[in-house]
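S.K.: Have a look at the structure that comes next, please.
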Amino acid sequence: MSSIILKRTGRKVSELKIWADLLVDCHLDASGWVRINALESLKWMMPKDGIVDSLGLWKAAIKAGYRLFDGACDYGNEKEAGEGVRRAIQEGIVKREELYISQLWNTFHAREHVKPITKKQLGLWGIDYFDLFLVHFPIALQYVDPDHRYPPEWFDDNGRVQLQNTPLQETWGAMEELVDEGYAKNIGLSNCSGSLVLDVLRYARIEPQVLQVELHPYLVQTALVDLAKTLNIAVTAYSSLGPQGYFELSMDKGAQSLLRHDIVTQVASKHNKTAAQVVLRWSTQRGIAVIPKSTELVKLRENLQSDSFNLDEDEIKAITALNIDLRLNNPAEIDPRLAIFA
């Protein structure tokens with residue numbers, strides 16, 4: 001498995017990760033993320049073949065070779081994720097020294113809220129530190145006490161989006177304190193444009209190690225990737241398979257499945273690989289980490305093998321040419337004041 005290296009700590013990061021919201025049901029929250037509610041619902045949405053129970057799925061994924069988990073408060077399943085990891089560690093399948101990711105939610109951007117929510121999330125995971133902690137969105141929302149509602153989501157009790165005047169500089173300073181005090185080994189950004197990344201670098205004492213953004217052949221973000229590479233910031237792509245995970249949620253915006261696109265399927269046939277493996281390799285071969293999600297054991301294993309071959313340069317160019325600037329996760333669709341990609 002190829003890897004990228006975080007420049008601050010020198011630790012290697014596998015270019016294939018697995019979402020901590022791997023255990024999901026069919027409940028869609030306002031942000032567009034699917035969140036876990038109950039194992040009965042989980043069983044309902046899973047295909048019948050090749051599936052184990054939720055905790056078994058965690059263990060099976062870890063056994064298959066997955067080592068880096070992308071989690072977040074907003075996914076609503078940190079306790080379940082932590083239990084799966086705890087059992088895997090207890091059974092000797094994996095060691096804690098492997099990597100984990102979590103993300104700071106929008107309602108906790110004020111300096112005084114960053115450390116308490118981080119400690120709460122660590123407690124839910126059952127671990128002492130995060131290897132990487134990300135600012136989920138460059139959006140500050142009004143604080144919601146976790147005792148009142150957790151996850152806090154996008155809306156207040158009356159269904160309205162309430163903004164808060166907390167500058168990202170304040171949030172980043174609090175994130176740096178997490179590193180100072182050992183709660184996080186590395187810190188990074190998510191869903192940020194190039195101009196905002198450059199702004200953070202102007203005042204950062206500890207520079208962002210990772211930039212996580214939506215990135216797939218329909219949204220290639222070449223300029224942003226090039227900037228991050230110039231700044232030696234590792235890039236992670238979410239929604240790596242494009243609209244694939246959005247179809248059943250009716251959030252695909254009418255886009256054709258990348259896994260059925262003629263160019264992708266032709267390349268897959270040539271290499272005797274699946275279309276998903278081709279799309280994932282399009283990212284990883286260019287040094288971009290990906291976070292594919294699946295609840296099917298066969299696909300989990302296939303995704304993990306997506307770096308077992310190389311695409312030709314012409315194939316990479318042909319897939320890149322599929323770009324239509326299709327952004328599937330845009331907070332502006334929740335509230336026009338959240339147009340961070342404008």
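So you can find residues: chains in the structure tokens are A, B, ... in the order shown, residues in each start at 1, and ligands are numbered from 1 in order.
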Would you write out, as CSV, a table of all residues in segment 101-147 of chain A that have an atom no more than 6 Å from an atom of segment 167-191 of chain A, listing for each the closest atom pair and the distance in Å to one decimal, considering only C-alpha atoms and ordering rows by chain and rising residue number?
M.R.:
residue,atom,partner,partner_atom,distance
A:His109,CA,A:Thr171,CA,5.2
A:Ala110,CA,A:Thr171,CA,6.0
A:Arg111,CA,A:Ala174,CA,5.3
A:Tyr129,CA,A:Tyr183,CA,4.5
A:Phe130,CA,A:Ala184,CA,4.7
A:Asp131,CA,A:Lys185,CA,4.7
A:Leu132,CA,A:Asn186,CA,4.6
A:Phe133,CA,A:Ile187,CA,4.8
A:Leu134,CA,A:Gly188,CA,4.6
A:Val135,CA,A:Leu189,CA,5.0
A:His136,CA,A:Ser190,CA,5.2
A:Phe137,CA,A:Asn191,CA,5.5
S.K.: Please dump the current selection as a short mmCIF file (atom, residue, chain, number, x, y, z; two decimals), in the first residue's frame; keep N, CA and C atoms.
M.R.:
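So the final result, stored in out21.cif, reads:
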data_model
loop_
_atom_site.label_atom_id
_atom_site.label_comp_id
_atom_site.auth_asym_id
_atom_site.auth_seq_id
_atom_site.Cartn_x
_atom_site.Cartn_y
_atom_site.Cartn_z
N HIS A 109 -16.39 26.19 17.38
CA HIS A 109 -15.24 26.91 16.86
C HIS A 109 -14.63 27.90 17.84
N ALA A 110 -15.38 28.35 18.83
CA ALA A 110 -14.84 29.31 19.80
C ALA A 110 -13.73 28.65 20.61
N ARG A 111 -12.72 29.44 20.96
CA ARG A 111 -11.56 28.90 21.66
C ARG A 111 -11.96 28.07 22.89
N TYR A 129 -5.84 10.30 22.38
CA TYR A 129 -5.44 11.34 21.44
C TYR A 129 -5.91 10.99 20.04
N PHE A 130 -6.05 12.01 19.21
CA PHE A 130 -6.30 11.82 17.78
C PHE A 130 -5.00 12.01 17.03
N ASP A 131 -4.74 11.14 16.08
CA ASP A 131 -3.56 11.33 15.24
C ASP A 131 -3.72 12.50 14.30
N LEU A 132 -4.96 12.79 13.93
CA LEU A 132 -5.24 13.93 13.07
C LEU A 132 -6.62 14.48 13.42
N PHE A 133 -6.69 15.78 13.66
CA PHE A 133 -7.95 16.43 14.01
C PHE A 133 -8.17 17.57 13.02
N LEU A 134 -9.31 17.57 12.36
CA LEU A 134 -9.58 18.52 11.28
C LEU A 134 -10.67 19.52 11.65
N VAL A 135 -10.58 20.73 11.15
CA VAL A 135 -11.70 21.67 11.16
C VAL A 135 -12.65 21.21 10.06
N HIS A 136 -13.84 20.76 10.41
CA HIS A 136 -14.74 20.11 9.45
C HIS A 136 -15.16 21.06 8.32
N PHE A 137 -15.59 22.25 8.67
CA PHE A 137 -15.93 23.29 7.69
C PHE A 137 -15.40 24.63 8.21
#
S.K.: Report as a PyMOL selection string all protein, DNA and RNA residues lying within 6 Å of segment 212-219 of chain A, evaluated on only C-alpha atoms, omitting residues in the same chain fewer than 3 positions from it.
M.R.: chain A and resi 190-191+235-240+242+320+322-326
S.K.: For C-alpha atoms, I'd like the residues from the last selection saved as a short mmCIF file (atom, residue, chain, number, x, y, z; two decimals), in the first residue's frame.
M.R.:
data_model
loop_
_atom_site.label_atom_id
_atom_site.label_comp_id
_atom_site.auth_asym_id
_atom_site.auth_seq_id
_atom_site.Cartn_x
_atom_site.Cartn_y
_atom_site.Cartn_z
CA SER A 190 -11.45 20.40 5.50
CA ASN A 191 -13.65 22.03 2.87
CA VAL A 235 -4.68 16.12 0.27
CA THR A 236 -7.51 13.74 1.15
CA ALA A 237 -10.43 13.29 -1.23
CA TYR A 238 -13.89 12.51 0.11
CA SER A 239 -16.76 11.41 -2.15
CA SER A 240 -13.97 9.83 -4.18
CA GLY A 242 -18.40 11.02 -7.23
CA THR A 320 -9.49 14.01 -15.56
CA LEU A 322 -14.54 14.16 -17.22
CA ASN A 323 -14.51 17.22 -14.93
CA ILE A 324 -17.76 19.21 -14.92
CA ASP A 325 -17.15 21.05 -11.62
CA LEU A 326 -19.93 19.04 -9.99
#
S.K.: Let's see if you can do this: from backbone DSSP, list all helix (DSSP H, G or I) residues in segment 55-287 of chain A, as a short mmCIF file (atom, residue, chain, number, x, y, z; two decimals) with N, CA, C and O atoms, in the first residue's frame.
M.R.:
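As a result, selection_9.cif now contains:
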data_model
loop_
_atom_site.label_atom_id
_atom_site.label_comp_id
_atom_site.auth_asym_id
_atom_site.auth_seq_id
_atom_site.Cartn_x
_atom_site.Cartn_y
_atom_site.Cartn_z
N LEU A 55 -20.33 -4.41 14.36
CA LEU A 55 -19.02 -4.52 14.99
C LEU A 55 -18.16 -5.53 14.25
O LEU A 55 -16.95 -5.35 14.13
N GLY A 56 -18.78 -6.59 13.73
CA GLY A 56 -18.04 -7.54 12.93
C GLY A 56 -17.49 -6.89 11.67
O GLY A 56 -16.40 -7.24 11.19
N LEU A 57 -18.24 -5.93 11.13
CA LEU A 57 -17.79 -5.23 9.94
C LEU A 57 -16.54 -4.41 10.23
O LEU A 57 -15.61 -4.36 9.44
N TRP A 58 -16.53 -3.74 11.40
CA TRP A 58 -15.32 -3.01 11.80
C TRP A 58 -14.13 -3.94 11.87
O TRP A 58 -13.05 -3.66 11.33
N LYS A 59 -14.30 -5.05 12.54
CA LYS A 59 -13.21 -6.00 12.70
C LYS A 59 -12.77 -6.56 11.35
O LYS A 59 -11.57 -6.72 11.10
N ALA A 60 -13.75 -6.85 10.49
CA ALA A 60 -13.41 -7.39 9.18
C ALA A 60 -12.63 -6.37 8.35
O ALA A 60 -11.69 -6.72 7.64
N ALA A 61 -13.03 -5.09 8.46
CA ALA A 61 -12.32 -4.04 7.73
C ALA A 61 -10.89 -3.91 8.23
O ALA A 61 -9.94 -3.77 7.45
N ILE A 62 -10.72 -3.96 9.55
CA ILE A 62 -9.37 -3.86 10.12
C ILE A 62 -8.54 -5.07 9.73
O ILE A 62 -7.37 -4.95 9.36
N LYS A 63 -9.15 -6.24 9.77
CA LYS A 63 -8.44 -7.45 9.35
C LYS A 63 -8.02 -7.37 7.89
O LYS A 63 -6.97 -7.87 7.51
N ALA A 64 -8.87 -6.74 7.08
CA ALA A 64 -8.56 -6.62 5.64
C ALA A 64 -7.38 -5.70 5.40
O ALA A 64 -6.75 -5.75 4.34
N CYS A 73 -17.93 14.22 14.72
CA CYS A 73 -19.05 14.40 15.64
C CYS A 73 -20.37 14.33 14.88
O CYS A 73 -21.34 13.71 15.32
N ASP A 74 -20.42 14.94 13.70
CA ASP A 74 -21.67 15.06 12.96
C ASP A 74 -22.19 13.72 12.44
O ASP A 74 -23.35 13.59 12.10
N TYR A 75 -21.32 12.70 12.38
CA TYR A 75 -21.77 11.40 11.90
C TYR A 75 -22.60 10.67 12.93
O TYR A 75 -23.31 9.71 12.61
N GLU A 78 -19.69 8.00 17.01
CA GLU A 78 -18.35 7.88 17.57
C GLU A 78 -18.27 6.77 18.62
O GLU A 78 -17.27 6.04 18.69
N LYS A 79 -19.29 6.63 19.45
CA LYS A 79 -19.27 5.60 20.48
C LYS A 79 -19.25 4.21 19.85
O LYS A 79 -18.48 3.33 20.28
N GLU A 80 -20.08 4.01 18.82
CA GLU A 80 -20.10 2.71 18.13
C GLU A 80 -18.78 2.44 17.44
O GLU A 80 -18.27 1.32 17.46
N ALA A 81 -18.22 3.48 16.80
CA ALA A 81 -16.94 3.32 16.13
C ALA A 81 -15.85 2.96 17.14
O ALA A 81 -15.03 2.06 16.91
N GLY A 82 -15.85 3.67 18.27
CA GLY A 82 -14.86 3.40 19.29
C GLY A 82 -14.96 2.00 19.86
O GLY A 82 -13.95 1.35 20.15
N GLU A 83 -16.18 1.50 20.00
CA GLU A 83 -16.38 0.15 20.51
C GLU A 83 -15.82 -0.89 19.54
O GLU A 83 -15.18 -1.87 19.95
N GLY A 84 -16.04 -0.66 18.26
CA GLY A 84 -15.49 -1.57 17.26
C GLY A 84 -13.98 -1.59 17.28
O GLY A 84 -13.34 -2.65 17.21
N VAL A 85 -13.38 -0.42 17.39
CA VAL A 85 -11.92 -0.31 17.45
C VAL A 85 -11.40 -0.95 18.75
O VAL A 85 -10.40 -1.66 18.76
N ARG A 86 -12.10 -0.69 19.86
CA ARG A 86 -11.66 -1.23 21.15
C ARG A 86 -11.62 -2.76 21.10
O ARG A 86 -10.67 -3.39 21.58
N ARG A 87 -12.64 -3.35 20.50
CA ARG A 87 -12.68 -4.81 20.44
C ARG A 87 -11.56 -5.34 19.55
O ARG A 87 -10.96 -6.38 19.85
N ALA A 88 -11.27 -4.63 18.47
CA ALA A 88 -10.20 -5.06 17.58
C ALA A 88 -8.84 -5.00 18.28
O ALA A 88 -8.00 -5.90 18.13
N ILE A 89 -8.65 -3.95 19.08
CA ILE A 89 -7.41 -3.83 19.84
C ILE A 89 -7.34 -4.92 20.90
O ILE A 89 -6.31 -5.58 21.09
N GLN A 90 -8.45 -5.14 21.60
CA GLN A 90 -8.51 -6.12 22.67
C GLN A 90 -8.20 -7.52 22.15
O GLN A 90 -7.56 -8.33 22.83
N ASN A 106 -18.91 22.55 13.44
CA ASN A 106 -19.07 23.99 13.27
C ASN A 106 -19.52 24.74 14.52
O ASN A 106 -19.26 25.93 14.65
N THR A 107 -20.21 24.06 15.43
CA THR A 107 -20.74 24.74 16.61
C THR A 107 -19.71 24.85 17.74
O THR A 107 -20.03 25.39 18.81
N PHE A 108 -18.52 24.37 17.51
CA PHE A 108 -17.50 24.37 18.56
C PHE A 108 -16.24 25.13 18.15
O PHE A 108 -15.13 24.78 18.54
N ARG A 111 -12.72 29.44 20.96
CA ARG A 111 -11.56 28.90 21.66
C ARG A 111 -11.96 28.07 22.89
O ARG A 111 -11.43 26.99 23.14
N GLU A 112 -12.92 28.58 23.66
CA GLU A 112 -13.28 27.91 24.91
C GLU A 112 -14.06 26.61 24.70
O GLU A 112 -14.25 25.83 25.65
N HIS A 113 -14.48 26.34 23.47
CA HIS A 113 -15.26 25.13 23.21
C HIS A 113 -14.45 24.03 22.53
O HIS A 113 -14.88 22.87 22.52
N VAL A 114 -13.30 24.38 21.97
CA VAL A 114 -12.54 23.41 21.18
C VAL A 114 -12.02 22.27 22.05
O VAL A 114 -12.23 21.08 21.74
N LYS A 115 -11.35 22.58 23.15
CA LYS A 115 -10.77 21.53 23.98
C LYS A 115 -11.84 20.66 24.65
O LYS A 115 -11.74 19.42 24.61
N PRO A 116 -12.89 21.24 25.22
CA PRO A 116 -13.91 20.38 25.85
C PRO A 116 -14.57 19.40 24.89
O PRO A 116 -14.79 18.24 25.24
N ILE A 117 -14.87 19.84 23.65
CA ILE A 117 -15.53 18.92 22.73
C ILE A 117 -14.55 17.86 22.24
O ILE A 117 -14.92 16.71 22.00
N THR A 118 -13.28 18.24 22.12
CA THR A 118 -12.27 17.26 21.72
C THR A 118 -12.16 16.16 22.77
O THR A 118 -12.10 14.97 22.45
N LYS A 119 -12.14 16.56 24.03
CA LYS A 119 -12.05 15.58 25.12
C LYS A 119 -13.30 14.69 25.14
O LYS A 119 -13.20 13.48 25.41
N LYS A 120 -14.45 15.27 24.85
CA LYS A 120 -15.68 14.46 24.79
C LYS A 120 -15.59 13.43 23.67
O LYS A 120 -15.93 12.26 23.86
N GLN A 121 -15.12 13.87 22.49
CA GLN A 121 -15.02 12.97 21.36
C GLN A 121 -14.00 11.86 21.63
O GLN A 121 -14.22 10.70 21.27
N LEU A 122 -12.89 12.22 22.25
CA LEU A 122 -11.90 11.20 22.62
C LEU A 122 -12.52 10.18 23.56
O LEU A 122 -12.27 8.98 23.45
N GLY A 123 -13.32 10.67 24.50
CA GLY A 123 -13.99 9.77 25.43
C GLY A 123 -14.94 8.82 24.72
O GLY A 123 -15.01 7.63 25.06
N LEU A 124 -15.66 9.32 23.73
CA LEU A 124 -16.57 8.46 22.97
C LEU A 124 -15.81 7.40 22.18
O LEU A 124 -16.25 6.25 22.06
N TRP A 125 -14.66 7.79 21.64
CA TRP A 125 -13.83 6.84 20.90
C TRP A 125 -13.10 5.88 21.84
O TRP A 125 -12.67 4.81 21.42
N LEU A 168 -11.67 32.16 11.96
CA LEU A 168 -10.92 30.90 11.87
C LEU A 168 -9.58 30.99 12.60
O LEU A 168 -9.08 29.99 13.11
N GLN A 169 -9.02 32.18 12.68
CA GLN A 169 -7.75 32.34 13.39
C GLN A 169 -7.89 31.93 14.86
O GLN A 169 -7.00 31.29 15.43
N GLU A 170 -9.01 32.27 15.48
CA GLU A 170 -9.24 31.87 16.87
C GLU A 170 -9.36 30.36 16.98
O GLU A 170 -8.78 29.74 17.89
N THR A 171 -10.10 29.77 16.06
CA THR A 171 -10.28 28.32 16.06
C THR A 171 -8.95 27.62 15.86
O THR A 171 -8.62 26.64 16.56
N TRP A 172 -8.16 28.10 14.93
CA TRP A 172 -6.87 27.46 14.64
C TRP A 172 -5.93 27.55 15.83
O TRP A 172 -5.21 26.59 16.14
N GLY A 173 -5.93 28.67 16.52
CA GLY A 173 -5.11 28.80 17.71
C GLY A 173 -5.48 27.77 18.77
O GLY A 173 -4.61 27.19 19.44
N ALA A 174 -6.78 27.52 18.91
CA ALA A 174 -7.24 26.50 19.86
C ALA A 174 -6.85 25.10 19.39
O ALA A 174 -6.55 24.22 20.22
N MET A 175 -6.86 24.89 18.08
CA MET A 175 -6.43 23.60 17.54
C MET A 175 -4.94 23.38 17.84
O MET A 175 -4.52 22.26 18.18
N GLU A 176 -4.15 24.41 17.72
CA GLU A 176 -2.72 24.31 18.03
C GLU A 176 -2.50 23.92 19.49
O GLU A 176 -1.58 23.16 19.82
N GLU A 177 -3.35 24.43 20.36
CA GLU A 177 -3.25 24.07 21.78
C GLU A 177 -3.54 22.59 22.00
O GLU A 177 -3.00 21.98 22.93
N LEU A 178 -4.38 22.00 21.16
CA LEU A 178 -4.63 20.56 21.26
C LEU A 178 -3.35 19.77 21.01
O LEU A 178 -3.09 18.76 21.67
N VAL A 179 -2.55 20.25 20.05
CA VAL A 179 -1.27 19.60 19.78
C VAL A 179 -0.33 19.80 20.96
O VAL A 179 0.34 18.87 21.42
N ASP A 180 -0.26 21.03 21.47
CA ASP A 180 0.62 21.34 22.60
C ASP A 180 0.34 20.44 23.79
O ASP A 180 1.27 20.01 24.49
N GLY A 194 -8.38 27.58 -1.58
CA GLY A 194 -6.97 27.92 -1.53
C GLY A 194 -6.69 29.22 -0.80
O GLY A 194 -5.71 29.32 -0.05
N SER A 195 -7.52 30.23 -1.00
CA SER A 195 -7.29 31.51 -0.35
C SER A 195 -7.35 31.39 1.16
O SER A 195 -6.60 32.04 1.90
N LEU A 196 -8.26 30.54 1.66
CA LEU A 196 -8.38 30.36 3.10
C LEU A 196 -7.18 29.57 3.65
O LEU A 196 -6.70 29.85 4.76
N VAL A 197 -6.71 28.59 2.91
CA VAL A 197 -5.51 27.86 3.32
C VAL A 197 -4.33 28.82 3.44
O VAL A 197 -3.58 28.80 4.43
N LEU A 198 -4.17 29.68 2.45
CA LEU A 198 -3.07 30.65 2.48
C LEU A 198 -3.22 31.61 3.66
O LEU A 198 -2.22 32.00 4.28
N ASP A 199 -4.44 31.98 3.98
CA ASP A 199 -4.67 32.88 5.11
C ASP A 199 -4.27 32.21 6.42
O ASP A 199 -3.63 32.84 7.28
N VAL A 200 -4.63 30.94 6.59
CA VAL A 200 -4.26 30.22 7.81
C VAL A 200 -2.74 30.17 7.95
O VAL A 200 -2.19 30.32 9.06
N LEU A 201 -2.04 29.97 6.85
CA LEU A 201 -0.59 29.88 6.90
C LEU A 201 0.07 31.19 7.33
O LEU A 201 1.21 31.19 7.81
N ARG A 202 -0.64 32.29 7.19
CA ARG A 202 -0.06 33.59 7.58
C ARG A 202 0.09 33.71 9.08
O ARG A 202 0.95 34.44 9.57
N TYR A 203 -0.77 33.03 9.83
CA TYR A 203 -0.71 33.16 11.29
C TYR A 203 -0.47 31.84 12.01
O TYR A 203 -0.30 31.81 13.22
N THR A 222 -7.96 20.81 -9.72
CA THR A 222 -6.53 20.73 -10.04
C THR A 222 -5.72 21.85 -9.40
O THR A 222 -4.65 21.61 -8.82
N ALA A 223 -6.22 23.09 -9.47
CA ALA A 223 -5.47 24.22 -8.92
C ALA A 223 -5.31 24.08 -7.41
O ALA A 223 -4.23 24.38 -6.86
N LEU A 224 -6.35 23.63 -6.72
CA LEU A 224 -6.28 23.48 -5.27
C LEU A 224 -5.30 22.37 -4.90
O LEU A 224 -4.52 22.51 -3.95
N VAL A 225 -5.34 21.26 -5.62
CA VAL A 225 -4.41 20.16 -5.37
C VAL A 225 -2.98 20.61 -5.60
O VAL A 225 -2.07 20.32 -4.80
N ASP A 226 -2.75 21.34 -6.68
CA ASP A 226 -1.40 21.82 -6.98
C ASP A 226 -0.90 22.77 -5.89
O ASP A 226 0.28 22.71 -5.50
N LEU A 227 -1.78 23.62 -5.40
CA LEU A 227 -1.39 24.54 -4.32
C LEU A 227 -1.02 23.76 -3.07
O LEU A 227 0.01 24.04 -2.44
N ALA A 228 -1.84 22.79 -2.69
CA ALA A 228 -1.56 22.01 -1.50
C ALA A 228 -0.22 21.28 -1.63
O ALA A 228 0.57 21.23 -0.67
N LYS A 229 0.03 20.72 -2.79
CA LYS A 229 1.30 20.03 -3.00
C LYS A 229 2.48 20.99 -2.91
O LYS A 229 3.52 20.67 -2.34
N THR A 230 2.30 22.20 -3.45
CA THR A 230 3.35 23.22 -3.36
C THR A 230 3.65 23.57 -1.91
O THR A 230 4.80 23.79 -1.51
N GLY A 242 -17.46 10.08 -6.64
CA GLY A 242 -18.40 11.02 -7.23
C GLY A 242 -19.81 10.82 -6.69
O GLY A 242 -20.01 10.67 -5.49
N PRO A 243 -20.79 10.79 -7.57
CA PRO A 243 -22.20 10.74 -7.11
C PRO A 243 -22.65 9.38 -6.58
O PRO A 243 -23.79 9.24 -6.16
N GLN A 244 -21.76 8.38 -6.57
CA GLN A 244 -22.17 7.01 -6.27
C GLN A 244 -22.95 6.90 -4.95
O GLN A 244 -23.99 6.27 -4.88
N GLY A 245 -22.44 7.54 -3.90
CA GLY A 245 -23.10 7.44 -2.61
C GLY A 245 -24.29 8.36 -2.44
O GLY A 245 -24.96 8.35 -1.40
N TYR A 246 -24.57 9.16 -3.48
CA TYR A 246 -25.64 10.14 -3.38
C TYR A 246 -26.92 9.71 -4.10
O TYR A 246 -27.95 10.34 -3.94
N PHE A 247 -26.84 8.66 -4.91
CA PHE A 247 -28.00 8.25 -5.71
C PHE A 247 -29.20 7.88 -4.85
O PHE A 247 -30.31 8.37 -5.07
N GLU A 248 -28.98 7.01 -3.86
CA GLU A 248 -30.11 6.54 -3.06
C GLU A 248 -30.67 7.65 -2.19
O GLU A 248 -31.78 7.54 -1.65
N LEU A 249 -29.92 8.75 -2.03
CA LEU A 249 -30.38 9.88 -1.23
C LEU A 249 -31.01 10.97 -2.09
O LEU A 249 -31.40 12.01 -1.59
N LEU A 258 -20.13 7.51 -12.24
CA LEU A 258 -18.77 7.35 -12.75
C LEU A 258 -18.45 5.88 -13.00
O LEU A 258 -17.68 5.55 -13.91
N LEU A 259 -19.07 5.02 -12.23
CA LEU A 259 -18.78 3.59 -12.35
C LEU A 259 -19.41 2.97 -13.58
O LEU A 259 -19.12 1.81 -13.91
N ARG A 260 -20.26 3.75 -14.27
CA ARG A 260 -20.86 3.26 -15.52
C ARG A 260 -20.43 4.11 -16.71
O ARG A 260 -20.90 3.88 -17.83
N ASP A 262 -18.46 5.32 -19.83
CA ASP A 262 -17.74 4.52 -20.83
C ASP A 262 -16.23 4.59 -20.66
O ASP A 262 -15.52 3.58 -20.78
N ILE A 263 -15.70 5.78 -20.41
CA ILE A 263 -14.25 5.93 -20.28
C ILE A 263 -13.72 5.12 -19.10
O ILE A 263 -12.71 4.41 -19.20
N VAL A 264 -14.42 5.18 -17.98
CA VAL A 264 -13.99 4.45 -16.79
C VAL A 264 -14.11 2.94 -17.00
O VAL A 264 -13.19 2.17 -16.67
N THR A 265 -15.23 2.50 -17.55
CA THR A 265 -15.42 1.06 -17.74
C THR A 265 -14.45 0.49 -18.76
O THR A 265 -14.00 -0.65 -18.63
N GLN A 266 -14.09 1.27 -19.78
CA GLN A 266 -13.11 0.81 -20.77
C GLN A 266 -11.73 0.63 -20.13
O GLN A 266 -11.04 -0.35 -20.39
N VAL A 267 -11.34 1.59 -19.29
CA VAL A 267 -10.06 1.49 -18.59
C VAL A 267 -10.08 0.29 -17.64
O VAL A 267 -9.11 -0.47 -17.54
N ALA A 268 -11.21 0.10 -16.94
CA ALA A 268 -11.33 -1.02 -16.01
C ALA A 268 -11.21 -2.35 -16.74
O ALA A 268 -10.53 -3.28 -16.27
N SER A 269 -11.84 -2.45 -17.90
CA SER A 269 -11.77 -3.69 -18.68
C SER A 269 -10.34 -3.97 -19.14
O SER A 269 -9.87 -5.11 -19.09
N LYS A 270 -9.64 -2.92 -19.54
CA LYS A 270 -8.26 -3.09 -20.01
C LYS A 270 -7.36 -3.64 -18.90
O LYS A 270 -6.50 -4.50 -19.15
N HIS A 271 -7.55 -3.17 -17.69
CA HIS A 271 -6.70 -3.58 -16.57
C HIS A 271 -7.28 -4.75 -15.79
O HIS A 271 -6.66 -5.20 -14.81
N ALA A 275 -14.54 -0.77 -11.87
CA ALA A 275 -14.61 0.66 -12.17
C ALA A 275 -14.24 1.48 -10.93
O ALA A 275 -13.57 2.51 -11.02
N ALA A 276 -14.67 1.01 -9.75
CA ALA A 276 -14.34 1.72 -8.51
C ALA A 276 -12.84 1.74 -8.28
O ALA A 276 -12.27 2.76 -7.88
N GLN A 277 -12.17 0.63 -8.54
CA GLN A 277 -10.73 0.59 -8.38
C GLN A 277 -10.03 1.58 -9.31
O GLN A 277 -9.05 2.23 -8.92
N VAL A 278 -10.54 1.73 -10.51
CA VAL A 278 -9.96 2.67 -11.47
C VAL A 278 -10.12 4.10 -10.97
O VAL A 278 -9.18 4.90 -11.00
N VAL A 279 -11.32 4.45 -10.50
CA VAL A 279 -11.57 5.81 -10.03
C VAL A 279 -10.71 6.12 -8.80
O VAL A 279 -10.15 7.22 -8.68
N LEU A 280 -10.59 5.17 -7.90
CA LEU A 280 -9.76 5.37 -6.72
C LEU A 280 -8.29 5.50 -7.10
O LEU A 280 -7.56 6.34 -6.56
N ARG A 281 -7.86 4.68 -8.05
CA ARG A 281 -6.44 4.74 -8.48
C ARG A 281 -6.15 6.05 -9.18
O ARG A 281 -5.01 6.56 -9.09
N TRP A 282 -7.12 6.62 -9.85
CA TRP A 282 -6.95 7.94 -10.48
C TRP A 282 -6.52 8.96 -9.43
O TRP A 282 -5.70 9.84 -9.72
N SER A 283 -7.02 8.84 -8.22
CA SER A 283 -6.61 9.74 -7.14
C SER A 283 -5.28 9.32 -6.52
O SER A 283 -4.34 10.11 -6.43
N THR A 284 -5.19 8.07 -6.08
CA THR A 284 -4.01 7.67 -5.31
C THR A 284 -2.73 7.69 -6.13
O THR A 284 -1.66 7.96 -5.59
#
S.K.: Enumerate the residues of segment 113-250 of chain A with a DSSP assignment of strand (DSSP E), computed from the backbone, and present them as a list in words.
M.R.: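 The strand (DSSP E) residues within segment 113-250 of chain A come out as Leu132, Phe133, Leu134, Val135, Ile187, Gly188, Leu189, Ser190, Val210, Leu211, Gln212, Val213, Glu214, Ala234, Val235, Thr236, Ala237 and Tyr238 of chain A.
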S.K.: Give me, as a PyMOL selection string, all polymer residues having an atom no more than 10 Å from Leu141 of chain A, counting only C-alpha atoms and skipping those fewer than 2 positions away in the same chain.
M.R.: chain A and resi 105-110+138-139+143-144+152-156+161-166
S.K.: Any idea what the distance is between atom CA of Arg327 of chain A and atom CA of Gln285 of chain A?
M.R.: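 Computed distance, atom CA of Arg327 of chain A to atom CA of Gln285 of chain A, equals 22.2 Å.
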